[in-house]
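Q: Structure file start11.cif (mmCIF, C-alpha atoms and all ligand atoms) is given on the next line.
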data_entry
#
loop_
_atom_site.label_atom_id
_atom_site.label_comp_id
_atom_site.auth_asym_id
_atom_site.auth_seq_id
_atom_site.Cartn_x
_atom_site.Cartn_y
_atom_site.Cartn_z
CA MET J 1 0.00 0.00 0.00
CA ARG J 2 1.22 3.51 -0.79
CA PRO J 3 0.48 6.71 1.14
CA GLY J 4 -2.95 7.92 0.01
CA PRO J 5 -4.09 11.49 -0.51
CA PRO J 6 -5.57 13.33 2.44
CA GLY J 7 -9.35 13.36 2.33
CA PRO J 8 -12.39 11.12 2.71
CA VAL J 9 -11.65 7.43 2.54
CA ASP J 10 -14.01 4.49 2.37
CA ASP J 11 -12.39 1.09 2.51
CA PRO J 12 -14.81 -1.77 3.16
CA ARG J 13 -11.92 -3.70 4.70
CA GLY J 14 -12.28 -1.43 7.71
CA LEU J 15 -11.65 2.29 7.26
CA ARG J 16 -14.25 5.01 6.97
CA LEU J 17 -14.04 8.76 7.37
CA VAL J 18 -17.26 10.74 7.74
CA PRO J 19 -16.82 14.54 7.48
CA GLY J 20 -19.46 16.62 9.28
CA PHE J 21 -20.63 13.69 11.43
CA VAL J 22 -21.19 16.00 14.42
CA ALA J 23 -23.91 18.65 14.08
CA PRO J 24 -22.86 22.16 15.20
CA ALA J 25 -25.31 22.06 18.15
CA GLU J 26 -23.89 18.69 19.25
CA ARG J 27 -20.39 20.13 19.07
CA GLN J 28 -21.42 22.93 21.38
CA ALA J 29 -23.16 20.53 23.79
CA ALA J 30 -20.12 18.21 23.94
CA LEU J 31 -17.76 21.12 24.67
CA ASP J 32 -20.17 22.46 27.32
CA TRP J 33 -20.06 19.04 28.99
CA LEU J 34 -16.25 18.92 28.77
CA ARG J 35 -15.94 22.33 30.43
CA GLY J 36 -17.77 20.88 33.45
CA VAL J 37 -15.42 17.94 34.10
CA HIS J 38 -11.88 17.73 35.38
CA PRO J 39 -9.47 16.00 32.95
CA LEU J 40 -6.48 14.33 34.62
CA TRP J 41 -2.87 14.68 33.70
CA GLU J 42 -1.75 11.17 34.67
CA GLN J 43 1.71 9.82 35.29
CA ARG J 44 2.58 6.94 32.97
CA PHE J 45 3.50 4.61 35.83
CA SER J 46 2.49 3.97 39.40
CA THR J 47 3.74 6.54 41.88
CA VAL J 48 3.51 4.11 44.80
CA ARG J 49 5.44 1.07 43.57
CA PRO J 50 8.81 0.63 41.86
CA LEU J 51 9.10 1.61 38.20
CA PRO J 52 9.25 -1.20 35.63
CA PRO J 53 12.83 -2.01 34.58
CA ARG J 54 14.43 0.52 32.20
CA GLU J 55 11.45 2.91 32.41
CA GLU J 56 11.41 6.52 33.60
CA GLN J 57 8.42 8.14 35.23
CA ARG J 58 6.82 10.73 32.98
CA PRO J 59 3.52 12.54 32.65
CA LEU J 60 1.34 11.59 29.68
CA LEU J 61 1.63 13.99 26.74
CA ARG J 62 -1.86 15.30 27.35
CA PRO J 63 -4.71 15.54 29.85
CA VAL J 64 -7.38 12.86 29.39
CA TYR J 65 -10.85 11.95 30.62
CA TRP J 66 -12.42 8.49 30.36
CA LEU J 67 -16.09 7.52 30.31
CA GLY J 68 -17.64 4.07 30.74
CA ASN J 69 -14.45 2.83 32.34
CA TRP J 70 -11.21 4.57 33.17
CA GLN J 71 -8.04 2.86 31.99
CA PHE J 72 -5.51 4.46 34.30
CA ALA J 73 -2.06 4.52 32.68
CA CYS J 74 -0.51 3.23 35.92
CA LEU J 75 -2.65 0.07 35.67
CA GLY J 76 -1.23 -0.61 32.22
CA TYR J 77 -4.29 -0.11 29.93
CA TYR J 78 -6.53 -2.88 28.60
CA HIS J 79 -4.46 -5.40 26.69
CA PRO J 80 -6.08 -8.78 26.07
CA PRO J 81 -5.53 -11.64 26.21
CA ARG J 82 -3.29 -11.35 29.29
CA GLY J 83 -3.69 -7.76 30.42
CA THR J 84 -7.37 -7.67 31.35
CA ALA J 85 -7.53 -7.98 35.16
CA GLU J 86 -7.76 -4.71 37.11
CA ARG J 87 -7.17 -2.52 34.05
CA CYS J 88 -10.62 -0.91 33.61
CA VAL J 89 -12.32 0.90 36.50
CA ALA J 90 -16.05 1.61 36.15
CA ALA J 91 -16.47 5.31 35.26
CA GLU J 92 -19.21 7.83 34.47
CA PRO J 93 -21.77 7.01 31.76
CA PHE J 94 -21.76 8.92 28.48
CA PRO J 95 -23.49 12.32 28.60
CA ALA J 96 -26.39 12.85 26.15
CA PRO J 97 -24.45 14.34 23.20
CA LEU J 98 -21.99 11.43 23.24
CA GLN J 99 -24.81 8.87 23.51
CA ALA J 100 -26.22 10.24 20.28
CA TRP J 101 -22.85 9.89 18.50
CA VAL J 102 -22.47 6.33 19.76
CA ALA J 103 -25.89 5.24 18.49
CA ARG J 104 -25.10 6.64 15.02
CA ALA J 105 -21.52 5.34 14.96
CA GLU J 106 -22.57 1.81 15.95
CA ALA J 107 -25.18 1.79 13.15
CA LEU J 108 -22.60 3.09 10.65
CA VAL J 109 -20.11 0.40 11.69
CA ARG J 110 -22.68 -2.32 11.02
CA ARG J 111 -23.57 -0.79 7.64
CA SER J 112 -19.95 -0.21 6.59
CA PHE J 113 -17.95 -3.29 7.55
CA PRO J 114 -18.29 -7.08 7.21
CA PRO J 115 -20.04 -8.77 10.18
CA ALA J 116 -16.82 -10.72 10.80
CA HIS J 117 -15.18 -7.42 11.90
CA VAL J 118 -17.80 -6.91 14.65
CA PRO J 119 -17.49 -9.36 17.58
CA ALA J 120 -20.60 -10.70 19.32
CA GLY J 121 -21.74 -8.31 22.05
CA TRP J 122 -19.70 -5.43 20.63
CA ARG J 123 -20.88 -1.99 21.64
CA LEU J 124 -19.06 1.28 22.17
CA ASN J 125 -19.14 1.38 25.98
CA THR J 126 -15.81 3.15 26.61
CA CYS J 127 -14.59 6.60 25.60
CA LEU J 128 -11.15 8.14 25.91
CA VAL J 129 -11.28 11.92 25.64
CA ASN J 130 -7.86 13.23 24.54
CA LEU J 131 -7.01 16.92 24.79
CA TYR J 132 -4.35 18.04 22.32
CA GLY J 133 -2.46 21.30 22.52
CA ASP J 134 0.33 23.14 24.27
CA ARG J 135 1.57 22.67 27.77
CA LEU J 136 2.24 26.11 29.22
CA LEU J 137 5.73 26.27 30.72
CA PRO J 138 6.58 28.63 33.60
CA GLY J 139 6.36 32.14 32.16
CA GLY J 140 3.60 31.01 29.79
CA ARG J 141 5.84 29.71 26.97
CA PRO J 142 3.93 27.01 25.01
CA GLU J 143 5.37 23.53 24.46
CA ASP J 144 3.62 21.58 21.69
CA ARG J 145 2.24 18.30 23.04
CA ALA J 146 -0.22 17.66 20.21
CA ARG J 147 0.76 14.22 18.96
CA VAL J 148 0.42 10.50 19.74
CA GLY J 149 3.06 7.90 19.00
CA ALA J 150 2.34 4.82 16.88
CA HIS J 151 0.21 2.28 18.70
CA ARG J 152 -2.66 -0.14 18.29
CA ASP J 153 -5.92 -0.12 20.25
CA PHE J 154 -6.36 -3.54 21.84
CA GLU J 155 -10.04 -3.40 22.76
CA PRO J 156 -11.90 -5.94 20.62
CA GLY J 157 -13.79 -4.78 17.53
CA PRO J 158 -14.19 -1.48 15.70
CA VAL J 159 -13.11 1.88 17.11
CA ALA J 160 -14.95 5.16 16.43
CA SER J 161 -13.07 8.42 16.75
CA VAL J 162 -14.71 11.86 16.79
CA SER J 163 -12.63 15.01 16.31
CA LEU J 164 -13.36 18.59 17.34
CA GLY J 165 -11.16 21.63 16.80
CA ALA J 166 -8.02 22.09 14.72
CA ARG J 167 -7.46 19.31 12.18
CA ALA J 168 -5.03 16.49 12.96
CA LEU J 169 -2.87 14.45 10.61
CA ILE J 170 -3.35 10.75 11.37
CA GLN J 171 -1.04 8.16 9.83
CA PHE J 172 -1.46 4.40 9.59
CA THR J 173 1.90 2.65 9.63
CA THR J 174 3.26 -0.88 9.28
CA PRO J 175 4.99 -2.48 12.29
CA ARG J 176 8.23 -1.30 10.63
CA GLY J 177 7.05 2.30 10.56
CA GLU J 178 6.20 2.74 6.86
CA VAL J 179 3.27 5.08 6.32
CA VAL J 180 0.56 3.35 4.29
CA ARG J 181 -2.14 6.00 4.62
CA GLN J 182 -2.42 9.47 6.04
CA GLN J 183 -5.44 11.69 6.29
CA TRP J 184 -6.62 14.84 8.01
CA LEU J 185 -9.18 14.49 10.77
CA GLU J 186 -11.21 17.67 10.52
CA ASP J 187 -13.44 19.40 13.05
CA ARG J 188 -16.73 17.44 13.54
CA SER J 189 -15.51 14.37 11.62
CA LEU J 190 -15.86 10.71 12.55
CA GLN J 191 -13.28 8.07 11.71
CA LEU J 192 -14.11 4.37 11.99
CA PHE J 193 -11.50 1.67 11.82
CA ALA J 194 -11.90 -2.07 12.19
CA GLY J 195 -10.74 -5.46 11.05
CA PRO J 196 -7.46 -7.30 10.60
CA THR J 197 -5.86 -4.71 8.28
CA TRP J 198 -6.67 -1.28 9.63
CA LYS J 199 -7.15 -2.05 13.31
CA ASP J 200 -5.21 -5.21 14.16
CA ARG J 201 -2.16 -5.20 11.86
CA LEU J 202 -1.43 -1.52 11.24
CA PHE J 203 -0.44 1.00 13.88
CA HIS J 204 -1.83 4.54 13.95
CA ARG J 205 -0.38 7.80 15.21
CA VAL J 206 -1.25 11.49 15.31
CA GLN J 207 1.65 13.24 13.66
CA ARG J 208 0.60 16.84 14.26
CA VAL J 209 -2.33 19.13 14.93
CA ASP J 210 -2.74 22.39 13.03
CA ARG J 211 -2.22 25.62 14.92
CA LYS J 212 -5.24 27.28 13.31
CA GLY J 213 -8.74 25.87 13.17
CA PRO J 214 -12.17 26.05 14.73
CA PRO J 215 -11.51 26.86 18.41
CA VAL J 216 -12.33 24.52 21.28
CA ASP J 217 -12.80 26.59 24.37
CA VAL J 218 -11.82 24.25 27.24
CA PRO J 219 -9.97 26.24 29.93
CA LEU J 220 -7.44 24.10 31.81
CA ALA J 221 -4.69 25.21 34.18
CA GLY J 222 -1.30 25.01 32.44
CA PHE J 223 -2.63 23.82 29.09
CA HIS J 224 -4.01 25.38 25.93
CA THR J 225 -6.29 22.96 24.05
CA ARG J 226 -6.70 23.22 20.28
CA ARG J 227 -8.19 19.80 19.50
CA VAL J 228 -10.36 17.30 21.38
CA ASN J 229 -10.65 13.69 20.27
CA PHE J 230 -13.24 11.23 21.60
CA THR J 231 -12.16 7.65 20.88
CA PHE J 232 -14.96 5.14 21.50
CA ARG J 233 -14.13 1.48 22.03
CA CYS J 234 -15.57 -1.70 23.51
CA VAL J 235 -14.41 -3.37 26.72
CA PRO J 236 -16.25 -6.58 27.68
CA GLU J 237 -18.35 -5.78 30.76
CA ALA J 238 -16.80 -8.70 32.67
CA ASP J 239 -13.46 -6.85 32.55
CA VAL J 240 -14.81 -3.61 34.10
CA LEU J 241 -14.54 -3.43 37.91
CA PRO J 242 -16.04 -0.91 40.32
CA LEU J 243 -13.35 0.91 42.29
CA ARG J 244 -14.37 -0.89 45.48
CA ASP J 245 -13.56 -4.28 43.90
CA LEU J 246 -9.95 -3.40 43.01
CA GLY J 247 -7.29 -5.21 44.98
CA PRO J 248 -5.12 -3.24 47.42
CA GLN J 249 -2.26 -2.61 44.96
CA ALA J 250 -4.39 -1.31 42.09
CA ARG J 251 -6.48 0.68 44.54
CA ALA J 252 -3.38 2.35 45.97
CA ASP J 253 -2.17 3.12 42.43
CA VAL J 254 -5.32 5.00 41.44
CA TRP J 255 -6.48 6.40 44.78
CA GLY J 256 -4.96 9.87 44.37
CA TYR J 257 -6.43 10.25 40.88
CA VAL J 258 -9.86 9.23 42.13
CA GLN J 259 -9.62 11.76 44.95
CA GLU J 260 -8.88 14.41 42.31
CA LEU J 261 -11.86 13.32 40.19
CA ALA J 262 -14.15 13.17 43.22
CA ARG J 263 -13.72 16.91 43.83
CA THR J 264 -15.92 17.70 40.82
CA SER J 265 -17.71 14.43 39.98
CA THR J 266 -20.57 12.95 41.98
CA PHE J 267 -19.96 9.58 40.35
CA TRP J 268 -16.34 9.47 41.51
CA ALA J 269 -17.19 10.89 44.94
CA GLU J 270 -19.65 8.03 45.44
CA ALA J 271 -17.19 5.44 44.11
CA LEU J 272 -14.57 6.76 46.52
CA ALA J 273 -16.98 6.67 49.46
CA ALA J 274 -18.07 3.09 48.62
CA ALA J 275 -14.46 1.96 48.32
CA ALA J 276 -13.35 3.73 51.51
CA ASP J 277 -16.27 2.43 53.59
CA PRO J 278 -14.69 0.32 56.36
CA ALA J 279 -17.82 -1.87 56.17
CA SER J 280 -16.51 -3.02 52.80
CA GLY J 281 -13.54 -4.40 54.71
CA GLN J 282 -10.96 -2.70 52.49
CA GLY J 283 -9.92 0.43 54.43
CA GLN J 284 -8.60 3.66 53.00
CA HIS J 285 -5.29 4.60 51.39
CA GLU J 286 -4.02 8.16 51.63
CA HIS J 287 -0.84 8.56 49.66
CA ARG J 288 -0.81 11.53 47.32
O1 LIG O 1 -6.61 11.64 18.41
C1 LIG O 1 -6.80 10.78 17.57
O2 LIG O 1 -7.30 11.04 16.48
C2 LIG O 1 -6.37 9.35 17.84
C3 LIG O 1 -6.35 8.99 19.29
C4 LIG O 1 -5.82 7.61 19.51
O3 LIG O 1 -5.13 7.06 18.71
C5 LIG O 1 -6.17 6.90 20.74
O4 LIG O 1 -6.80 7.49 21.64
O5 LIG O 1 -5.84 5.71 20.85
#
Just give me the structure of the file as structure tokens.
A:
Amino acid sequence: MRPGPPGPVDDPRGLRLVPGFVAPAERQAALDWLRGVHPLWEQRFSTVRPLPPREEQRPLLRPVYWLGNWQFACLGYYHPPRGTAERCVAAEPFPAPLQAWVARAEALVRRSFPPAHVPAGWRLNTCLVNLYGDRLLPGGRPEDRARVGAHRDFEPGPVASVSLGARALIQFTTPRGEVVRQQWLEDRSLQLFAGPTWKDRLFHRVQRVDRKGPPVDVPLAGFHTRRVNFTFRCVPEADVLPLRDLGPQARADVWGYVQELARTSTFWAEALAAAADPASGQGQHEHR
């Protein structure tokens, strides 16, 4: 495969780009919702146990927010077949504007791709909200953080990715790093990818995000956002645990983050209270 031109792509083997998928009023409603939550700037590894060999602690490139279940970086993300236990912590449900996208995206997936690409029980029950932009260094100098390295998404079945704000250049690459397709993800677009070629064999990465584009007004301390991406995936329900059911190690790893979330989220405040309740027999960990 050779690099393709930027622009709409329809490949029945598992790639579909839908410009204008999000209506302007939905865009506004999604950004209004985002302004009311508290994205986290996670550390890549646990802050309460030794680092893995040859790794250095580092913050993620960007603030994130998860819905459906939260895959804390320090728990190692969802990575079947072996990395499924204690990776996904039950999180807030999707707000109304995102529910509407999910219903339409699921229907489009079933219309666009072969049934073999859609596992039994597949539904988009998980969303990673990525904020792309500049970290503001002391003195206000911006440091561009708007990229994602090459990776695969390991959740089973198709992935649906909604973009708001400045356009991003996404590239699909072979395991050896050759670019086989690149395309711009514009404001209000949807990208679907699925199947053995586009989702399972190829990697994808965000190479850069334009400096100019339709603004996304999401005020965050120390960060200037110019693009928001909502990546919807499917995690089997059996692999999603309420906070209170995490074992002591995983609970200690995420406790500080959950305390931070609980300051502005009723869902997380209740999860924290349920997990900290001595009647649950698990006690409380204060460590951050
Ligand atoms: O921002 C994007 O368009 C892609 C995000 C992504 O690759 C991911 O969240 O796994």
Q: Box along x, y and z, 4 Å on every side, all listed atoms of ligand LIG 1 (chain O) inside: centre and edge lengths in Å to one decimal, as JSON.
A:
{"center_x": -6.2, "center_y": 8.7, "center_z": 19.1, "size_x": 10.2, "size_y": 13.9, "size_z": 13.2}
Q: Using only C-alpha atoms - which residues lie no farther than 10 Å from the point (-5.3, 14.0, 28.6) in the file's frame? Write them as a list of chain:residue names.
A: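 Residues with an atom close enough to that point: J:Pro39, J:Leu40, J:Trp41, J:Glu42, J:Pro59, J:Leu60, J:Leu61, J:Arg62, J:Pro63, J:Val64, J:Tyr65, J:Trp66, J:Leu128, J:Val129, J:Asn130, J:Leu131, J:Tyr132, J:Gly133, J:Val228, J:Asn229.
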Q: Write a file of the just-selected residues containing C-alpha atoms, as a PDB file, in the frame of the given file.
A:
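Wrote again-v3.pdb, looks like this:
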ATOM      1  CA  PRO J  39      -9.470  16.000  32.950  1.00  0.00           C
ATOM      2  CA  LEU J  40      -6.480  14.330  34.620  1.00  0.00           C
ATOM      3  CA  TRP J  41      -2.870  14.680  33.700  1.00  0.00           C
ATOM      4  CA  GLU J  42      -1.750  11.170  34.670  1.00  0.00           C
ATOM      5  CA  PRO J  59       3.520  12.540  32.650  1.00  0.00           C
ATOM      6  CA  LEU J  60       1.340  11.590  29.680  1.00  0.00           C
ATOM      7  CA  LEU J  61       1.630  13.990  26.740  1.00  0.00           C
ATOM      8  CA  ARG J  62      -1.860  15.300  27.350  1.00  0.00           C
ATOM      9  CA  PRO J  63      -4.710  15.540  29.850  1.00  0.00           C
ATOM     10  CA  VAL J  64      -7.380  12.860  29.390  1.00  0.00           C
ATOM     11  CA  TYR J  65     -10.850  11.950  30.620  1.00  0.00           C
ATOM     12  CA  TRP J  66     -12.420   8.490  30.360  1.00  0.00           C
ATOM     13  CA  LEU J 128     -11.150   8.140  25.910  1.00  0.00           C
ATOM     14  CA  VAL J 129     -11.280  11.920  25.640  1.00  0.00           C
ATOM     15  CA  ASN J 130      -7.860  13.230  24.540  1.00  0.00           C
ATOM     16  CA  LEU J 131      -7.010  16.920  24.790  1.00  0.00           C
ATOM     17  CA  TYR J 132      -4.350  18.040  22.320  1.00  0.00           C
ATOM     18  CA  GLY J 133      -2.460  21.300  22.520  1.00  0.00           C
ATOM     19  CA  VAL J 228     -10.360  17.300  21.380  1.00  0.00           C
ATOM     20  CA  ASN J 229     -10.650  13.690  20.270  1.00  0.00           C
TER      21      ASN J 229
END
Q: With all atoms listed in the file counted, collect every polymer residue having an atom within 9 Å of ligand LIG 1 (chain O); state the result as a PyMOL selection string.
A: chain J and resi 127-132+146-153+161-163+168-170+185+191+204-206+227-232
Q: Between CA of His38 (chain J) and CA of Val218 (chain J), what is the distance, to one decimal in Å?
A: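 Computed distance, CA of His38 (chain J) to CA of Val218 (chain J), equals 10.4 Å.
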Q: Quick one: residues within 9 Å of (-15.0, 0.7, 14.3) (file frame), counting all atoms listed in the file, please, as a PyMOL selection string.
A: chain J and resi 14-16+105-106+108-110+113+117-118+124+157-161+191-195+199+232-233
Q: So, counting all atoms listed in the file, which residue among J:Phe21, J:Trp33, J:Phe267, J:Phe45 is closest to Asp253 (chain J)?
A: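 Among J:Phe21, J:Trp33, J:Phe267, J:Phe45, it is J:Phe45 that comes nearest to Asp253 (chain J).
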Q: Taking all atoms listed in the file into account, name the residue in J:Asp134, J:Ala273, J:Glu237, J:Pro248 that is nearest to Arg208 (chain J).
A: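 Looking only at the distances to Arg208 (chain J), the closest residue turns out to be J:Asp134.
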Q: Which residue gives the smallest distance to Arg145 (chain J) among J:Gln171, J:Thr225, J:Gln182, J:Gln71, with all atoms listed in the file counted?
A: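 Among the listed residues, the smallest separation from Arg145 (chain J) belongs to J:Thr225.
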Q: Could you jot down the CA of Glu143 (chain J) to CA of Ala73 (chain J) separation for me, Å, one decimal place?
A: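 So the answer is 22.0 Å.
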Q: Pick out the residues sitting within 9 Å of Pro242 (chain J), and hand them over as a list in words; count all atoms listed in the file, and ignore anything fewer than 5 positions along from it in its own chain.
A: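 Non-adjacent residues within range: Asn69, Cys88, Val89, Ala90, Ala91, Ala271 and Ala275 of chain J.
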Q: For CA of Arg44 (chain J) and CA of Ala250 (chain J), determine how far apart the two atoms are, in Å to one decimal place.
A: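 One can read the CA of Arg44 (chain J) to CA of Ala250 (chain J) distance as 14.1 Å.
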Q: Which of these, J:Asp217, J:Asp210, J:Glu260, J:Glu270, has the shortest distance to Asp144 (chain J) once you count all atoms listed in the file?
A: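 Closest residue, counting all atoms listed in the file: J:Asp210.
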Q: Please return region 111-139 of chain J, rebuilt to N, CA and C atoms, as a compact mmCIF listing (two decimals), in the frame of the given file.
A:
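Generated file (part.txt):
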# COMPACT_ATOMS: atom_id res chain seq x y z
N ARG J 111 -23.27 -0.97 9.07
CA ARG J 111 -23.57 -0.79 7.64
C ARG J 111 -22.31 -0.81 6.79
N SER J 112 -21.16 -0.46 7.39
CA SER J 112 -19.95 -0.21 6.59
C SER J 112 -19.04 -1.42 6.47
N PHE J 113 -19.00 -2.27 7.50
CA PHE J 113 -17.95 -3.29 7.55
C PHE J 113 -18.56 -4.69 7.57
N PRO J 114 -17.78 -5.71 7.18
CA PRO J 114 -18.29 -7.08 7.21
C PRO J 114 -18.62 -7.50 8.65
N PRO J 115 -19.67 -8.32 8.82
CA PRO J 115 -20.04 -8.77 10.18
C PRO J 115 -18.87 -9.44 10.90
N ALA J 116 -17.95 -10.05 10.15
CA ALA J 116 -16.82 -10.72 10.80
C ALA J 116 -15.92 -9.73 11.55
N HIS J 117 -16.00 -8.43 11.21
CA HIS J 117 -15.18 -7.42 11.90
C HIS J 117 -15.82 -6.96 13.22
N VAL J 118 -17.07 -7.41 13.48
CA VAL J 118 -17.80 -6.91 14.65
C VAL J 118 -18.08 -8.07 15.59
N PRO J 119 -17.31 -8.21 16.69
CA PRO J 119 -17.49 -9.36 17.58
C PRO J 119 -18.88 -9.38 18.23
N ALA J 120 -19.32 -10.58 18.62
CA ALA J 120 -20.60 -10.70 19.32
C ALA J 120 -20.57 -9.83 20.58
N GLY J 121 -21.64 -9.13 20.83
CA GLY J 121 -21.74 -8.31 22.05
C GLY J 121 -21.02 -6.98 21.94
N TRP J 122 -20.44 -6.68 20.78
CA TRP J 122 -19.70 -5.43 20.63
C TRP J 122 -20.62 -4.22 20.77
N ARG J 123 -20.25 -3.31 21.64
CA ARG J 123 -20.88 -1.99 21.64
C ARG J 123 -19.88 -0.98 22.20
N LEU J 124 -20.05 0.26 21.79
CA LEU J 124 -19.06 1.28 22.17
C LEU J 124 -19.39 1.75 23.59
N ASN J 125 -18.79 1.10 24.58
CA ASN J 125 -19.14 1.38 25.98
C ASN J 125 -18.02 2.13 26.72
N THR J 126 -16.99 2.54 25.99
CA THR J 126 -15.81 3.15 26.61
C THR J 126 -15.41 4.34 25.76
N CYS J 127 -15.06 5.45 26.39
CA CYS J 127 -14.59 6.60 25.60
C CYS J 127 -13.37 7.22 26.27
N LEU J 128 -12.31 7.37 25.48
CA LEU J 128 -11.15 8.14 25.91
C LEU J 128 -11.24 9.52 25.28
N VAL J 129 -11.27 10.54 26.13
CA VAL J 129 -11.28 11.92 25.64
C VAL J 129 -9.84 12.44 25.75
N ASN J 130 -9.24 12.72 24.61
CA ASN J 130 -7.86 13.23 24.54
C ASN J 130 -7.87 14.72 24.27
N LEU J 131 -7.13 15.49 25.05
CA LEU J 131 -7.01 16.92 24.79
C LEU J 131 -5.62 17.19 24.20
N TYR J 132 -5.60 17.77 23.02
CA TYR J 132 -4.35 18.04 22.32
C TYR J 132 -4.05 19.53 22.33
N GLY J 133 -2.80 19.89 22.56
CA GLY J 133 -2.46 21.30 22.52
C GLY J 133 -1.09 21.55 23.09
N ASP J 134 -0.95 22.70 23.73
CA ASP J 134 0.33 23.14 24.27
C ASP J 134 0.32 23.12 25.79
N ARG J 135 1.36 22.51 26.33
CA ARG J 135 1.57 22.67 27.77
C ARG J 135 2.19 24.06 27.99
N LEU J 136 1.71 24.77 28.99
CA LEU J 136 2.24 26.11 29.22
C LEU J 136 3.35 26.03 30.27
N LEU J 137 4.56 26.34 29.83
CA LEU J 137 5.73 26.27 30.72
C LEU J 137 5.72 27.48 31.64
N PRO J 138 6.51 27.44 32.73
CA PRO J 138 6.58 28.63 33.60
C PRO J 138 6.91 29.86 32.76
N GLY J 139 6.18 30.94 32.98
CA GLY J 139 6.36 32.14 32.16
C GLY J 139 5.38 32.14 31.00
